[in-house]
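target_31.csv follows; it contains CSV, C-alpha atoms.
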chain,number,residue,atom,x,y,z
A,1,PRO,CA,5.1,-6.4,-7.4
A,2,ALA,CA,7.2,-9.4,-6.5
A,3,LYS,CA,8.4,-7.8,-3.4
A,4,ALA,CA,4.9,-6.8,-2.4
A,5,ASP,CA,3.8,-10.4,-2.5
A,6,SER,CA,6.8,-11.7,-0.7
A,7,LEU,CA,6.6,-14.2,2.1
A,8,GLN,CA,9.1,-12.0,3.9
A,9,ARG,CA,6.4,-9.4,4.3
A,10,VAL,CA,4.0,-11.9,5.7
A,11,PHE,CA,6.5,-13.3,8.1
A,12,ALA,CA,7.7,-9.8,9.0
A,13,GLY,CA,4.1,-8.9,10.1
A,14,GLU,CA,3.9,-12.0,12.2
A,15,HIS,CA,7.2,-11.3,13.8
A,16,PHE,CA,6.3,-7.8,14.6
A,17,GLN,CA,3.0,-8.9,16.2
A,18,TYR,CA,5.1,-11.2,18.4
A,19,TYR,CA,7.2,-8.2,19.4
A,20,LEU,CA,4.2,-6.2,20.3
A,21,ALA,CA,3.0,-9.0,22.6
A,22,HIS,CA,6.5,-9.5,24.1
A,23,PRO,CA,8.4,-6.2,23.8
A,24,ASN,CA,10.6,-6.6,26.8
A,25,THR,CA,11.9,-10.1,26.1
A,26,LYS,CA,15.0,-11.1,24.2
A,27,THR,CA,12.8,-13.1,21.8
A,28,GLY,CA,10.5,-10.1,21.3
A,29,GLN,CA,13.5,-7.9,20.5
A,30,ASP,CA,14.8,-10.6,18.1
A,31,ALA,CA,11.4,-10.7,16.4
A,32,ALA,CA,11.4,-7.0,15.9
A,33,LEU,CA,14.8,-7.1,14.4
A,34,SER,CA,13.6,-9.9,12.0
A,35,ALA,CA,10.6,-7.9,11.1
A,36,PHE,CA,12.6,-4.8,10.2
A,37,LEU,CA,15.2,-6.8,8.3
A,38,MET,CA,12.5,-8.5,6.2
A,39,TRP,CA,10.7,-5.2,5.6
A,40,GLY,CA,14.0,-3.6,4.7
A,41,ASN,CA,14.7,-6.4,2.2
A,42,THR,CA,11.3,-5.9,0.5
A,43,ASP,CA,11.2,-2.0,0.6
A,44,ALA,CA,8.0,-2.2,2.7
A,45,VAL,CA,7.9,1.4,3.7
A,46,GLU,CA,4.2,1.4,4.6
A,47,GLN,CA,4.7,-1.4,7.1
A,48,ILE,CA,7.8,0.2,8.5
A,49,ASP,CA,6.0,3.6,8.9
A,50,GLU,CA,3.2,1.8,10.7
A,51,ALA,CA,5.5,-0.2,12.9
A,52,VAL,CA,7.6,2.7,14.1
A,53,THR,CA,4.5,4.3,15.5
A,54,HIS,CA,4.3,1.3,17.9
A,55,LEU,CA,7.9,1.7,19.1
A,56,GLY,CA,8.0,3.7,22.4
A,57,PRO,CA,10.9,6.0,23.2
A,58,ASP,CA,12.4,3.5,25.5
A,59,ALA,CA,12.3,0.6,23.0
A,60,ARG,CA,15.7,-1.1,22.2
A,61,ALA,CA,14.1,-2.1,18.9
A,62,TRP,CA,15.0,1.4,17.5
A,63,SER,CA,18.7,0.5,17.6
A,64,LEU,CA,17.9,-2.6,15.6
A,65,ALA,CA,15.7,-0.9,13.0
A,66,PHE,CA,17.6,2.0,11.7
A,67,ASN,CA,19.6,0.2,9.0
A,68,SER,CA,16.6,-1.7,7.7
A,69,ILE,CA,14.5,1.5,7.6
A,70,SER,CA,17.3,3.2,5.7
A,71,ASN,CA,17.4,0.3,3.2
A,72,ALA,CA,13.7,0.3,2.7
A,73,TYR,CA,13.4,4.1,2.3
A,74,ILE,CA,16.3,4.3,-0.2
A,75,GLY,CA,15.1,1.2,-2.2
A,76,SER,CA,11.6,2.5,-2.4
A,77,GLU,CA,10.1,4.7,-5.1
A,78,ALA,CA,7.8,6.3,-2.5
A,79,LYS,CA,10.6,7.4,0.0
A,80,SER,CA,14.1,8.8,-0.2
A,81,GLU,CA,17.2,9.3,1.9
A,82,ASP,CA,15.8,12.7,2.8
A,83,ASP,CA,12.7,11.0,4.3
A,84,TYR,CA,14.9,8.7,6.3
A,85,ILE,CA,16.9,11.7,7.7
A,86,ALA,CA,13.6,13.5,8.5
A,87,LEU,CA,12.6,10.4,10.5
A,88,LEU,CA,15.9,10.4,12.4
A,89,LYS,CA,15.6,14.0,13.2
A,90,ARG,CA,12.0,13.6,14.3
A,91,VAL,CA,12.9,10.9,16.9
A,92,HIS,CA,16.2,12.4,17.9
A,93,GLY,CA,15.9,13.7,21.4
A,94,THR,CA,12.9,11.5,22.2
A,95,LEU,CA,14.6,8.1,22.4
A,96,MET,CA,15.4,6.9,26.0
A,97,HIS,CA,17.1,3.5,25.4
A,98,PRO,CA,20.9,4.1,25.4
A,99,ARG,CA,21.6,1.7,22.5
A,100,SER,CA,18.9,3.3,20.5
A,101,GLN,CA,20.3,6.8,21.2
A,102,GLY,CA,23.7,5.6,20.2
A,103,ALA,CA,22.5,4.0,17.0
A,104,LEU,CA,20.5,7.1,16.1
A,105,ARG,CA,23.4,9.4,16.7
A,106,LEU,CA,25.8,7.3,14.6
A,107,GLU,CA,23.3,7.4,11.7
A,108,LEU,CA,22.8,11.1,11.9
A,109,ALA,CA,26.6,11.7,12.3
A,110,GLU,CA,27.1,9.7,9.1
A,111,HIS,CA,24.6,11.9,7.3
A,112,TYR,CA,26.3,15.1,8.6
A,113,ARG,CA,29.7,13.8,7.6
A,114,SER,CA,28.4,13.2,4.0
A,115,GLU,CA,27.0,16.7,4.0
A,116,GLU,CA,30.4,18.1,5.1
A,117,GLU,CA,28.8,19.4,8.4
A,118,SER,CA,31.7,18.1,10.4
A,119,GLU,CA,31.1,20.1,13.6
A,120,GLN,CA,27.5,18.7,13.9
A,121,ALA,CA,28.8,15.2,13.2
A,122,LYS,CA,31.5,15.6,15.9
A,123,LYS,CA,29.0,16.6,18.5
A,124,LEU,CA,26.9,13.6,17.8
A,125,LEU,CA,29.9,11.2,17.8
A,126,GLN,CA,31.1,12.7,21.1
A,127,LYS,CA,27.7,12.0,22.6
A,128,VAL,CA,27.9,8.4,21.5
A,129,VAL,CA,31.2,8.1,23.3
A,130,TYR,CA,29.9,9.8,26.4
A,131,LEU,CA,26.8,7.6,26.4
A,132,ASP,CA,29.0,4.4,26.3
A,133,ALA,CA,26.0,2.2,25.8
A,134,ASP,CA,27.5,-0.3,23.5
A,135,PRO,CA,31.2,-1.0,23.0
A,136,ILE,CA,30.9,-1.5,19.2
A,137,MET,CA,29.1,1.9,18.8
A,138,THR,CA,31.6,3.6,21.1
A,139,ASP,CA,34.5,2.2,19.1
A,140,MET,CA,32.9,3.3,15.8
A,141,ALA,CA,32.3,6.8,17.2
A,142,LEU,CA,35.9,7.0,18.4
A,143,GLY,CA,37.2,5.8,15.0
A,144,HIS,CA,35.1,8.4,13.2
A,145,LEU,CA,36.3,11.1,15.5
A,146,TYR,CA,39.9,10.1,15.1
A,147,GLU,CA,39.5,10.1,11.3
A,148,MET,CA,37.8,13.5,11.3
A,149,GLU,CA,40.4,15.1,13.6
A,150,SER,CA,43.6,13.4,12.5
A,151,LEU,CA,43.3,12.3,8.8
A,152,ASN,CA,42.5,15.5,6.9
A,153,VAL,CA,44.0,16.8,3.7
A,154,GLY,CA,47.0,18.9,4.6
A,155,GLN,CA,47.7,17.3,7.9
A,156,GLN,CA,50.8,15.2,8.6
A,157,ALA,CA,49.9,11.5,8.3
A,158,PRO,CA,50.3,9.6,11.6
A,159,ASP,CA,53.4,7.6,11.8
A,160,PHE,CA,53.1,3.8,11.9
A,161,GLU,CA,55.3,0.7,11.6
A,162,ALA,CA,54.7,-2.4,9.6
A,163,THR,CA,56.6,-5.6,8.7
A,164,THR,CA,57.4,-6.3,5.1
A,165,ILE,CA,56.9,-9.7,3.6
A,166,GLY,CA,60.7,-10.1,4.0
A,167,GLY,CA,60.4,-9.6,7.8
A,168,GLU,CA,61.9,-6.1,7.9
A,169,ARG,CA,60.3,-3.4,10.1
A,170,VAL,CA,59.6,-0.1,8.3
A,171,SER,CA,57.8,3.0,9.3
A,172,LEU,CA,56.1,5.8,7.4
A,173,SER,CA,58.7,8.2,8.7
A,174,ASP,CA,61.5,6.1,7.2
Show me, as structure tokens, the structure contained in the file I just sent.
Amino acid sequence: PAKADSLQRVFAGEHFQYYLAHPNTKTGQDAALSAFLMWGNTDAVEQIDEAVTHLGPDARAWSLAFNSISNAYIGSEAKSEDDYIALLKRVHGTLMHPRSQGALRLELAEHYRSEEESEQAKKLLQKVVYLDADPIMTDMALGHLYEMESLNVGQQAPDFEATTIGGERVSLSD
């Protein structure tokens, strides 16, 4: 009940209205991010479900919204992580904005990794790298791919060097 009456929900609605009036401006994009963050903080799944119907396939706002949508769905009694994954799968393949595509693929890849569907996760991560829409997302995808391909149980650990607090260089192979 306290979250339902929260000022964050009021302000989120106002911010999203600003986004709808100015969707292609930096300020409009920032307003959308603020709206989704506040809705995520207050588990406002009804507002989020309504707002995503106003995001077109070319909207950069999708890339800003995924984490907040996840927080709201998982924190809500009405939704679950399965509902969040269903939303991701529903919009996968429809998004046109490169950053939104990258963010979506990273989210889905994380889900597939947690479900131990590594081949599906690898395909999505490789698409993030190929897309190269955002350096941070590309680095994250490359890191996940490296981890999945090189740091498995039974594989030899990669060699590395480090300096001890005494100033001596040591390596794992030593």
Query raised in the report: How many Å lie between CA of Phe66 in chain A and CA of Leu151 in chain A, rounded to one decimal?
Result: 27.8 Å
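Of the residues under consideration (A:Gln101, A:Asp132, A:Phe16, A:Leu55), A:Phe16 shows the shortest atom-to-atom contact distance to Leu37 in chain A when counting only C-alpha atoms.
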Take the point (12.0, -3.6, 16.2) as written in the file and pick out every residue within 7 Å of it, counting all atoms listed in the file; give the list as a PDB file with C-alpha atoms, in the frame of the given file.
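Final output, out_30.pdb:
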ATOM      1  CA  GLN A  29      13.500  -7.900  20.500  1.00  0.00           C
ATOM      2  CA  ALA A  32      11.400  -7.000  15.900  1.00  0.00           C
ATOM      3  CA  LEU A  33      14.800  -7.100  14.400  1.00  0.00           C
ATOM      4  CA  ALA A  35      10.600  -7.900  11.100  1.00  0.00           C
ATOM      5  CA  PHE A  36      12.600  -4.800  10.200  1.00  0.00           C
ATOM      6  CA  ALA A  61      14.100  -2.100  18.900  1.00  0.00           C
ATOM      7  CA  TRP A  62      15.000   1.400  17.500  1.00  0.00           C
ATOM      8  CA  LEU A  64      17.900  -2.600  15.600  1.00  0.00           C
ATOM      9  CA  ALA A  65      15.700  -0.900  13.000  1.00  0.00           C
TER      10      ALA A  65
END
Requested in this report: Find the residues near range 68-74 of chain A: any atom within 12 Å, counting all atoms listed in the file, skip ones fewer than 4 places away on the same chain, and give them as JSON, numbers by chain.
Outcome: {"A": [3, 32, 33, 34, 35, 36, 37, 38, 39, 40, 41, 42, 43, 44, 45, 46, 47, 48, 49, 50, 51, 52, 61, 62, 63, 64, 78, 79, 80, 81, 82, 83, 84, 85, 86, 87, 88, 104, 107, 108, 111]}
So which residues touch Lys123 in chain A within 12 Å, counting only C-alpha atoms, skipping near sequence neighbours fewer than 3 positions away, as a PDB file with C-alpha atoms, in the frame of the given file?
ATOM      1  CA  ARG A 105      23.400   9.400  16.700  1.00  0.00           C
ATOM      2  CA  LEU A 106      25.800   7.300  14.600  1.00  0.00           C
ATOM      3  CA  LEU A 108      22.800  11.100  11.900  1.00  0.00           C
ATOM      4  CA  ALA A 109      26.600  11.700  12.300  1.00  0.00           C
ATOM      5  CA  GLU A 110      27.100   9.700   9.100  1.00  0.00           C
ATOM      6  CA  TYR A 112      26.300  15.100   8.600  1.00  0.00           C
ATOM      7  CA  ARG A 113      29.700  13.800   7.600  1.00  0.00           C
ATOM      8  CA  GLU A 117      28.800  19.400   8.400  1.00  0.00           C
ATOM      9  CA  SER A 118      31.700  18.100  10.400  1.00  0.00           C
ATOM     10  CA  GLU A 119      31.100  20.100  13.600  1.00  0.00           C
ATOM     11  CA  GLN A 120      27.500  18.700  13.900  1.00  0.00           C
ATOM     12  CA  GLN A 126      31.100  12.700  21.100  1.00  0.00           C
ATOM     13  CA  LYS A 127      27.700  12.000  22.600  1.00  0.00           C
ATOM     14  CA  VAL A 128      27.900   8.400  21.500  1.00  0.00           C
ATOM     15  CA  VAL A 129      31.200   8.100  23.300  1.00  0.00           C
ATOM     16  CA  TYR A 130      29.900   9.800  26.400  1.00  0.00           C
ATOM     17  CA  ALA A 141      32.300   6.800  17.200  1.00  0.00           C
ATOM     18  CA  LEU A 142      35.900   7.000  18.400  1.00  0.00           C
ATOM     19  CA  HIS A 144      35.100   8.400  13.200  1.00  0.00           C
ATOM     20  CA  LEU A 145      36.300  11.100  15.500  1.00  0.00           C
ATOM     21  CA  MET A 148      37.800  13.500  11.300  1.00  0.00           C
TER      22      MET A 148
END
Query raised in the report: For the atom pair CA of Lys122 in chain A and CA of Gly56 in chain A, what is the interatomic distance in Å to one decimal place?
Result: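 Result for CA of Lys122 in chain A versus CA of Gly56 in chain A: 27.1 Å, one decimal.
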